[in-house]
Amino acid sequence: MTDNEQVDGGVAEPEVVAAPKGKLKLIFAAVAVFLTVSGAVTWFFLVRHHDDQMHVAQAAPAKPPVFVDVPDMLVNLVGAPGERVQYLKVKVVLEVREEKQVEAIKPTMPRVTDIFQTYLRELRPSDLNGSAGLFRLKEELTRRVNTAISPSQVNAVLFKEIVVQ
């Protein structure tokens, strides 16, 4: 026998059961999640896009770098006694940020050339092997030129031509 059946054999009457409170909480949670997600999507497509356009419009276009030519250099490399003499020919360009730095560097160009030649004459052919050797050379020349022309700064030393013969 079930609880809904009557003992005397009559028709069973169903009991009215109230909705459980757990389902009501679940419905409220689903509505809250839906509102949160819809608010986030609205912000993403409407508000955020407008802010990005404002920032792009305010950014100033970047100035292209300026290049300063250094006179070509031809130096002999250090070798062991009795070995064939090897030479290094280098064409270098200095990269600076602004045009006014070029005017500050030009009067010190004899000093820059002297520093480069002094350093290059102490190199051995094995110092220039591979891309790692050229990278070290570039970094060392950049460091030396920055000390020679301070307070001005050079962004990079760029090789136009480099030949070891």
# chains A, B, ... in the order shown; residues from 1 in each chain; ligands from 1
>>> closest_atom_pairs(of="stretch 83-116 of chain A", to="stretch 142-147 of chain A", cutoff="9 Å", atoms="only C-alpha atoms", output="JSON lines")
{"residue": "A:Leu94", "atom": "CA", "partner": "A:Thr142", "partner_atom": "CA", "distance": 8.5}
{"residue": "A:Arg111", "atom": "CA", "partner": "A:Val145", "partner_atom": "CA", "distance": 8.8}
{"residue": "A:Val112", "atom": "CA", "partner": "A:Val145", "partner_atom": "CA", "distance": 6.0}
{"residue": "A:Ile115", "atom": "CA", "partner": "A:Arg144", "partner_atom": "CA", "distance": 7.2}
{"residue": "A:Phe116", "atom": "CA", "partner": "A:Arg144", "partner_atom": "CA", "distance": 7.9}
>>> write_last_selection(atoms="N, CA and C atoms", output="PDB file, in the first residue's frame")
ATOM      1  N   LEU A  94      75.903  53.841 -38.000  1.00  0.00           N
ATOM      2  CA  LEU A  94      75.398  54.004 -36.641  1.00  0.00           C
ATOM      3  C   LEU A  94      73.917  54.366 -36.709  1.00  0.00           C
ATOM      4  N   ARG A 111      87.194  60.440 -33.274  1.00  0.00           N
ATOM      5  CA  ARG A 111      87.371  59.622 -32.073  1.00  0.00           C
ATOM      6  C   ARG A 111      86.732  58.247 -32.257  1.00  0.00           C
ATOM      7  N   VAL A 112      85.537  58.211 -32.855  1.00  0.00           N
ATOM      8  CA  VAL A 112      84.837  56.938 -33.097  1.00  0.00           C
ATOM      9  C   VAL A 112      85.661  56.066 -34.039  1.00  0.00           C
ATOM     10  N   ILE A 115      88.696  54.658 -32.166  1.00  0.00           N
ATOM     11  CA  ILE A 115      88.314  53.580 -31.243  1.00  0.00           C
ATOM     12  C   ILE A 115      88.015  52.294 -32.014  1.00  0.00           C
ATOM     13  N   PHE A 116      87.302  52.402 -33.124  1.00  0.00           N
ATOM     14  CA  PHE A 116      86.986  51.218 -33.926  1.00  0.00           C
ATOM     15  C   PHE A 116      88.258  50.572 -34.473  1.00  0.00           C
TER      16      PHE A 116
END
>>> residues_around(residues="A:Arg121", least_positions_apart="5", cutoff="10 Å", atoms="only C-alpha atoms", output="compact mmCIF listing (two decimals) with N, CA, C and O atoms, in the first residue's frame")
# COMPACT_ATOMS: atom_id res chain seq x y z
N LEU A 74 89.84 49.44 -43.17
CA LEU A 74 90.57 48.26 -43.60
C LEU A 74 91.73 48.08 -42.63
O LEU A 74 92.59 48.95 -42.52
N VAL A 75 91.70 46.97 -41.87
CA VAL A 75 92.75 46.72 -40.86
C VAL A 75 93.28 45.31 -41.05
O VAL A 75 92.59 44.43 -41.56
N ASN A 76 94.53 45.12 -40.60
CA ASN A 76 95.07 43.77 -40.61
C ASN A 76 94.77 43.11 -39.26
O ASN A 76 94.79 43.78 -38.22
N LEU A 77 94.49 41.83 -39.29
CA LEU A 77 94.15 41.08 -38.08
C LEU A 77 95.40 40.47 -37.48
O LEU A 77 96.39 40.21 -38.17
N VAL A 78 95.36 40.22 -36.19
CA VAL A 78 96.49 39.63 -35.47
C VAL A 78 96.56 38.16 -35.83
O VAL A 78 95.55 37.44 -35.79
N TYR A 87 93.24 40.39 -43.60
CA TYR A 87 92.72 41.74 -43.49
C TYR A 87 91.22 41.70 -43.24
O TYR A 87 90.52 40.77 -43.64
N LEU A 88 90.73 42.75 -42.59
CA LEU A 88 89.30 42.92 -42.31
C LEU A 88 88.86 44.25 -42.91
O LEU A 88 89.44 45.30 -42.59
N PHE A 116 87.30 52.40 -33.12
CA PHE A 116 86.99 51.22 -33.93
C PHE A 116 88.26 50.57 -34.47
O PHE A 116 88.43 49.36 -34.38
>>> closest_residue(among="A:Leu35, A:Ala40, A:Val96, A:Leu128", to="A:Leu158", atoms="only C-alpha atoms")
A:Val96
>>> atom_distance(atom1="atom CA of A:Met73", atom2="atom CA of A:Ile162")
9.7 Å
>>> decode(residues="stretch 16-149 of chain A", atoms="C-alpha atoms", output="PDB file, in the first residue's frame")
ATOM      1  CA  VAL A  16      -0.255  18.591  -3.588  1.00  0.00           C
ATOM      2  CA  VAL A  17       3.489  18.824  -3.105  1.00  0.00           C
ATOM      3  CA  ALA A  18       5.147  22.258  -2.906  1.00  0.00           C
ATOM      4  CA  ALA A  19       8.120  22.935  -5.221  1.00  0.00           C
ATOM      5  CA  PRO A  20      11.346  22.171  -3.448  1.00  0.00           C
ATOM      6  CA  LYS A  21      13.399  25.186  -2.416  1.00  0.00           C
ATOM      7  CA  GLY A  22      16.508  23.777  -4.141  1.00  0.00           C
ATOM      8  CA  LYS A  23      14.965  24.191  -7.596  1.00  0.00           C
ATOM      9  CA  LEU A  24      14.067  27.800  -6.868  1.00  0.00           C
ATOM     10  CA  LYS A  25      17.676  28.556  -5.885  1.00  0.00           C
ATOM     11  CA  LEU A  26      18.897  26.847  -9.050  1.00  0.00           C
ATOM     12  CA  ILE A  27      16.626  29.023 -11.196  1.00  0.00           C
ATOM     13  CA  PHE A  28      17.870  32.204  -9.485  1.00  0.00           C
ATOM     14  CA  ALA A  29      21.505  31.130  -9.956  1.00  0.00           C
ATOM     15  CA  ALA A  30      20.927  30.396 -13.659  1.00  0.00           C
ATOM     16  CA  VAL A  31      19.304  33.821 -14.163  1.00  0.00           C
ATOM     17  CA  ALA A  32      22.221  35.520 -12.353  1.00  0.00           C
ATOM     18  CA  VAL A  33      24.793  33.709 -14.519  1.00  0.00           C
ATOM     19  CA  PHE A  34      22.854  34.601 -17.659  1.00  0.00           C
ATOM     20  CA  LEU A  35      22.733  38.297 -16.717  1.00  0.00           C
ATOM     21  CA  THR A  36      26.438  38.345 -15.879  1.00  0.00           C
ATOM     22  CA  VAL A  37      27.433  36.700 -19.151  1.00  0.00           C
ATOM     23  CA  SER A  38      25.157  38.925 -21.220  1.00  0.00           C
ATOM     24  CA  GLY A  39      26.575  42.021 -19.492  1.00  0.00           C
ATOM     25  CA  ALA A  40      30.130  40.897 -20.202  1.00  0.00           C
ATOM     26  CA  VAL A  41      29.341  40.207 -23.864  1.00  0.00           C
ATOM     27  CA  THR A  42      27.679  43.616 -24.216  1.00  0.00           C
ATOM     28  CA  TRP A  43      30.705  45.360 -22.701  1.00  0.00           C
ATOM     29  CA  PHE A  44      33.088  43.381 -24.917  1.00  0.00           C
ATOM     30  CA  PHE A  45      31.358  44.278 -28.163  1.00  0.00           C
ATOM     31  CA  LEU A  46      30.202  47.828 -27.432  1.00  0.00           C
ATOM     32  CA  VAL A  47      32.247  49.564 -24.763  1.00  0.00           C
ATOM     33  CA  ARG A  48      35.679  47.909 -25.092  1.00  0.00           C
ATOM     34  CA  HIS A  49      35.908  48.408 -28.862  1.00  0.00           C
ATOM     35  CA  HIS A  50      35.229  52.122 -28.472  1.00  0.00           C
ATOM     36  CA  ASP A  51      38.075  52.495 -25.912  1.00  0.00           C
ATOM     37  CA  ASP A  52      40.571  50.795 -28.250  1.00  0.00           C
ATOM     38  CA  GLN A  53      39.783  53.224 -31.032  1.00  0.00           C
ATOM     39  CA  MET A  54      40.399  56.147 -28.669  1.00  0.00           C
ATOM     40  CA  HIS A  55      43.832  54.793 -27.704  1.00  0.00           C
ATOM     41  CA  VAL A  56      44.835  54.166 -31.311  1.00  0.00           C
ATOM     42  CA  ALA A  57      43.880  57.692 -32.305  1.00  0.00           C
ATOM     43  CA  GLN A  58      45.962  59.178 -29.474  1.00  0.00           C
ATOM     44  CA  ALA A  59      49.174  57.227 -30.278  1.00  0.00           C
ATOM     45  CA  ALA A  60      51.703  59.292 -32.214  1.00  0.00           C
ATOM     46  CA  PRO A  61      53.360  57.721 -35.239  1.00  0.00           C
ATOM     47  CA  ALA A  62      56.862  56.447 -34.504  1.00  0.00           C
ATOM     48  CA  LYS A  63      59.733  58.340 -36.059  1.00  0.00           C
ATOM     49  CA  PRO A  64      62.032  56.318 -38.283  1.00  0.00           C
ATOM     50  CA  PRO A  65      65.608  56.006 -37.046  1.00  0.00           C
ATOM     51  CA  VAL A  66      68.407  58.116 -38.515  1.00  0.00           C
ATOM     52  CA  PHE A  67      71.656  56.592 -39.793  1.00  0.00           C
ATOM     53  CA  VAL A  68      75.184  58.005 -39.624  1.00  0.00           C
ATOM     54  CA  ASP A  69      77.856  56.635 -41.957  1.00  0.00           C
ATOM     55  CA  VAL A  70      81.260  55.831 -40.507  1.00  0.00           C
ATOM     56  CA  PRO A  71      84.206  55.924 -42.924  1.00  0.00           C
ATOM     57  CA  ASP A  72      85.189  52.521 -44.357  1.00  0.00           C
ATOM     58  CA  MET A  73      87.950  50.742 -42.451  1.00  0.00           C
ATOM     59  CA  LEU A  74      90.574  48.258 -43.605  1.00  0.00           C
ATOM     60  CA  VAL A  75      92.747  46.720 -40.860  1.00  0.00           C
ATOM     61  CA  ASN A  76      95.072  43.766 -40.607  1.00  0.00           C
ATOM     62  CA  LEU A  77      94.147  41.085 -38.083  1.00  0.00           C
ATOM     63  CA  VAL A  78      96.486  39.633 -35.470  1.00  0.00           C
ATOM     64  CA  GLY A  79      97.944  36.311 -36.522  1.00  0.00           C
ATOM     65  CA  ALA A  80     100.576  33.894 -35.335  1.00  0.00           C
ATOM     66  CA  PRO A  81     104.170  34.556 -36.510  1.00  0.00           C
ATOM     67  CA  GLY A  82     104.800  33.023 -39.900  1.00  0.00           C
ATOM     68  CA  GLU A  83     101.107  32.878 -40.865  1.00  0.00           C
ATOM     69  CA  ARG A  84      99.663  34.692 -43.820  1.00  0.00           C
ATOM     70  CA  VAL A  85      98.431  38.203 -42.958  1.00  0.00           C
ATOM     71  CA  GLN A  86      94.652  38.521 -43.038  1.00  0.00           C
ATOM     72  CA  TYR A  87      92.720  41.739 -43.492  1.00  0.00           C
ATOM     73  CA  LEU A  88      89.302  42.917 -42.314  1.00  0.00           C
ATOM     74  CA  LYS A  89      87.299  45.400 -44.369  1.00  0.00           C
ATOM     75  CA  VAL A  90      84.277  46.909 -42.591  1.00  0.00           C
ATOM     76  CA  LYS A  91      81.602  49.385 -43.642  1.00  0.00           C
ATOM     77  CA  VAL A  92      79.590  50.474 -40.604  1.00  0.00           C
ATOM     78  CA  VAL A  93      76.504  52.628 -40.023  1.00  0.00           C
ATOM     79  CA  LEU A  94      75.398  54.004 -36.641  1.00  0.00           C
ATOM     80  CA  GLU A  95      71.662  53.991 -35.872  1.00  0.00           C
ATOM     81  CA  VAL A  96      70.383  56.897 -33.731  1.00  0.00           C
ATOM     82  CA  ARG A  97      66.887  57.983 -32.698  1.00  0.00           C
ATOM     83  CA  GLU A  98      66.767  61.619 -33.795  1.00  0.00           C
ATOM     84  CA  GLU A  99      68.332  63.941 -36.344  1.00  0.00           C
ATOM     85  CA  LYS A 100      69.753  66.224 -33.657  1.00  0.00           C
ATOM     86  CA  GLN A 101      71.926  63.354 -32.403  1.00  0.00           C
ATOM     87  CA  VAL A 102      73.628  63.222 -35.793  1.00  0.00           C
ATOM     88  CA  GLU A 103      74.892  66.772 -35.285  1.00  0.00           C
ATOM     89  CA  ALA A 104      76.252  65.777 -31.861  1.00  0.00           C
ATOM     90  CA  ILE A 105      78.064  62.722 -33.274  1.00  0.00           C
ATOM     91  CA  LYS A 106      79.682  64.318 -36.356  1.00  0.00           C
ATOM     92  CA  PRO A 107      82.322  66.328 -34.406  1.00  0.00           C
ATOM     93  CA  THR A 108      83.361  63.162 -32.524  1.00  0.00           C
ATOM     94  CA  MET A 109      83.644  60.993 -35.644  1.00  0.00           C
ATOM     95  CA  PRO A 110      87.489  60.976 -35.634  1.00  0.00           C
ATOM     96  CA  ARG A 111      87.371  59.622 -32.073  1.00  0.00           C
ATOM     97  CA  VAL A 112      84.837  56.938 -33.097  1.00  0.00           C
ATOM     98  CA  THR A 113      87.006  55.899 -36.062  1.00  0.00           C
ATOM     99  CA  ASP A 114      90.085  55.707 -33.843  1.00  0.00           C
ATOM    100  CA  ILE A 115      88.314  53.580 -31.243  1.00  0.00           C
ATOM    101  CA  PHE A 116      86.986  51.218 -33.926  1.00  0.00           C
ATOM    102  CA  GLN A 117      90.349  50.794 -35.649  1.00  0.00           C
ATOM    103  CA  THR A 118      92.210  50.254 -32.388  1.00  0.00           C
ATOM    104  CA  TYR A 119      89.760  47.555 -31.358  1.00  0.00           C
ATOM    105  CA  LEU A 120      89.581  45.880 -34.778  1.00  0.00           C
ATOM    106  CA  ARG A 121      93.393  45.631 -35.074  1.00  0.00           C
ATOM    107  CA  GLU A 122      93.480  43.477 -31.917  1.00  0.00           C
ATOM    108  CA  LEU A 123      91.077  40.871 -33.309  1.00  0.00           C
ATOM    109  CA  ARG A 124      92.118  37.436 -34.535  1.00  0.00           C
ATOM    110  CA  PRO A 125      90.393  35.762 -37.490  1.00  0.00           C
ATOM    111  CA  SER A 126      88.935  33.175 -35.084  1.00  0.00           C
ATOM    112  CA  ASP A 127      87.149  36.010 -33.211  1.00  0.00           C
ATOM    113  CA  LEU A 128      85.020  36.648 -36.289  1.00  0.00           C
ATOM    114  CA  ASN A 129      83.914  33.058 -36.956  1.00  0.00           C
ATOM    115  CA  GLY A 130      80.198  32.507 -37.333  1.00  0.00           C
ATOM    116  CA  SER A 131      77.238  34.678 -36.488  1.00  0.00           C
ATOM    117  CA  ALA A 132      78.097  34.609 -32.783  1.00  0.00           C
ATOM    118  CA  GLY A 133      81.461  36.251 -33.519  1.00  0.00           C
ATOM    119  CA  LEU A 134      79.834  38.990 -35.576  1.00  0.00           C
ATOM    120  CA  PHE A 135      77.199  39.534 -32.894  1.00  0.00           C
ATOM    121  CA  ARG A 136      79.909  39.964 -30.239  1.00  0.00           C
ATOM    122  CA  LEU A 137      81.745  42.379 -32.554  1.00  0.00           C
ATOM    123  CA  LYS A 138      78.581  44.411 -33.082  1.00  0.00           C
ATOM    124  CA  GLU A 139      77.849  44.586 -29.339  1.00  0.00           C
ATOM    125  CA  GLU A 140      81.423  45.595 -28.497  1.00  0.00           C
ATOM    126  CA  LEU A 141      81.474  48.322 -31.148  1.00  0.00           C
ATOM    127  CA  THR A 142      78.127  49.651 -29.866  1.00  0.00           C
ATOM    128  CA  ARG A 143      79.459  49.758 -26.306  1.00  0.00           C
ATOM    129  CA  ARG A 144      82.652  51.537 -27.375  1.00  0.00           C
ATOM    130  CA  VAL A 145      80.922  54.144 -29.531  1.00  0.00           C
ATOM    131  CA  ASN A 146      78.472  54.943 -26.719  1.00  0.00           C
ATOM    132  CA  THR A 147      81.351  55.640 -24.333  1.00  0.00           C
ATOM    133  CA  ALA A 148      83.040  57.833 -26.949  1.00  0.00           C
ATOM    134  CA  ILE A 149      80.017  60.007 -27.727  1.00  0.00           C
TER     135      ILE A 149
END
